[in-house]
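A.B. asks: Attaching a single structure in structure tokens format; questions to follow.
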Amino acid sequence: MADQPDGIVLPRHRDLQGRAWHPWVRRCLLGVVVLIAVLALVGVFGQRPSTTRASAAPATLSVSAPDAVRGGLLYQARFTIDADEALSDATLVLSSSWLDGMTVNTIEPGPVNEASRNGSLVLSLGHLPAGASYVLFVQFQVNPTTVGRRTLRTELQDGDQPILTITRHLRVFP
Amino acid sequence: MDIVLRAAFAFGFVFFLTRIVGRRELSSLEPFDLIMLIVLGDLVQQGVTQSDYSVTGLVLAAGTIALLQVAVSYVNYRFRRVRQVLAGEPIVLIDDGRVLEQHLSRERLTREELEEQARLSQLDSLDKVRWAVLETSGQISFIPKQ
């Protein structure tokens with residue numbers, strides 16, 4: 001009878017020659033999984049919202065939305081306009097990147113008018129008296145096939161007159 | 001195309017996970033492990049097919065996974081050195097009745113677990129074991145002394 005079972009090579013399988021470092025490979029790879037979980041906890045993979053604010057003489061615009069989202073995810077963008085002076089026709093112009101590859105579930109409150117201008121979505125919100133605050137909610141869902149990084153431009157206008165622009169970035173993970 | 005890539009990624013990631021969690025975790029199927037297996041399957045499915053409920057999606061995803069499984073199996077069969085990486089290697093736990101504690105520790109196995117496995121193999125004492133080998137499947141094979 002052989003000393004050891006067939007297929008067992010004692011130096012390799014009992015004395016672990018050349019295998020001493022194997023557990024460290026496993027630990028390092030486990031570390032990668034831990035790192036991914038930690039990055040997720042700090043919000044790298046979405047969908048914690050951040051707020052970007054810009055002010056000009058007649059109004060302040062705040063955009064609150066996630067900087068990172070994942071395929072299929074439901075998320076919200078909140079646009080807040082604080083009018084220091086009256087705006088006769090407050091208008092939000094959202095670049096096409098806000099909508100491309102996304103599903104817009106709802107826009108509340110519904111704008112007075114919607115239009116397209118050079119590929120951008122133009123939302124007319126109507127008259128805003130001085131001191132008024134207007135909050136617009138847009139509910140999105142990421143289409144499963146959408147991935148990559150994009151630049152989101154939001155412009156506040158009074159009629160056709162530009163007031164200010166906010167530029168943000170959105171990263172879509174698969 | 002997207003669903004094929006997702007299925008391939010899911011296959012690779014689950015394969016990677018099974019290699020790094022350790023063999024003992026894979027071989028045991030306690031009630032909790034069974035539930036986790038179902039949960040994992042559900043999570044993988046969501047990531048692969050997402051909101052695709054079509055038969056085409058099923059064919060693409062299942063076909064991709066099946067092909068990759070065959071590919072891994074072929075590579076395992078054809079290349080010994082790759083097999084060591086993909087499937088791992090056996091490790092001796094008992095040599096002529098002597099428990100190799102360092103090897104148990106390496107595989108996160110306790111002596112009690114080893115004794116339990118021995119009992120399941122109709123062995124009432126580790127002293128009666130000539131060889132115990134933790135196989136690549138995660139199961140422990142016992143060869144009693146003559």
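For the structure tokens, the naming scheme is as follows: chains receive sequential letters (A, B, ...) according to their order of presentation, residues are indexed from 1 within each chain, and ligands are indexed from 1 in presentation order.
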Can you write out as JSON lines which residues of chain A fall within 6 Å of chain B, alongside each residue's closest atom pair and its distance in Å to one decimal, counting only C-alpha atoms and ordering rows by chain and ascending residue number?

C.D. replies:
{"residue": "A:His13", "atom": "CA", "partner": "B:Ile91", "partner_atom": "CA", "distance": 4.8}
{"residue": "A:Arg14", "atom": "CA", "partner": "B:Val92", "partner_atom": "CA", "distance": 5.0}
{"residue": "A:Arg26", "atom": "CA", "partner": "B:Ile20", "partner_atom": "CA", "distance": 5.3}

A.B. asks: Looking at only C-alpha atoms, which of A:Leu94, A:Leu73, A:Ala130, A:Leu121 is the one that sits closest to Thr145 of chain A?

C.D. replies: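 Of all the options, A:Leu73 lies closest to Thr145 of chain A.
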
A.B. asks: For Gly12 of chain B, please output as a count of residues only all residues within 12 Å (counting only C-alpha atoms; exclusion window: fewer than 5 positions along the same chain).

C.D. replies: 14

A.B. asks: Can you pull out the residues contacting segment 47-49 of chain A? Cut-off 9 Å, using only C-alpha atoms, and skip same-chain residues under 3 positions away; I want them as a list in words.

C.D. replies: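 Here the answer would be Gly43, Val44, Ser64, Ala65, Pro66, Asp67, Ala68, Val69, Arg70, Leu73, Tyr75, Gln76 and Ala77 of chain A.
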
A.B. asks: Could you please write out, as a list of chain:residue names, every residue of segment 10-120 of chain B that DSSP assigns to strand (DSSP E or B)?

C.D. replies: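 Going through segment 10-120 of chain B, the strand (DSSP E or B) residues come out as B:Ile91, B:Val92, B:Leu93, B:Ile94, B:Asp95, B:Arg98, B:Val99.
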
A.B. asks: Restricted to N, CA and C atoms, what would the selected residues look like written as an mmCIF file, in the first residue's frame?

C.D. replies:
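File produced: again-v5.cif:
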data_model
loop_
_atom_site.group_PDB
_atom_site.id
_atom_site.type_symbol
_atom_site.label_atom_id
_atom_site.label_comp_id
_atom_site.auth_asym_id
_atom_site.auth_seq_id
_atom_site.Cartn_x
_atom_site.Cartn_y
_atom_site.Cartn_z
ATOM 1 N N ILE B 91 -5.845 19.691 0.717
ATOM 2 C CA ILE B 91 -4.904 19.976 1.793
ATOM 3 C C ILE B 91 -5.077 18.889 2.867
ATOM 4 N N VAL B 92 -3.969 18.333 3.291
ATOM 5 C CA VAL B 92 -4.005 17.253 4.285
ATOM 6 C C VAL B 92 -4.263 17.859 5.662
ATOM 7 N N LEU B 93 -5.242 17.296 6.374
ATOM 8 C CA LEU B 93 -5.577 17.795 7.714
ATOM 9 C C LEU B 93 -5.104 16.845 8.806
ATOM 10 N N ILE B 94 -5.094 15.552 8.494
ATOM 11 C CA ILE B 94 -4.620 14.565 9.472
ATOM 12 C C ILE B 94 -3.626 13.656 8.765
ATOM 13 N N ASP B 95 -2.484 13.511 9.385
ATOM 14 C CA ASP B 95 -1.443 12.652 8.850
ATOM 15 C C ASP B 95 -1.151 11.577 9.898
ATOM 16 N N ARG B 98 -2.323 12.297 13.354
ATOM 17 C CA ARG B 98 -1.836 13.571 13.903
ATOM 18 C C ARG B 98 -2.552 14.729 13.192
ATOM 19 N N VAL B 99 -3.284 15.487 14.004
ATOM 20 C CA VAL B 99 -4.022 16.617 13.419
ATOM 21 C C VAL B 99 -3.049 17.761 13.141
#
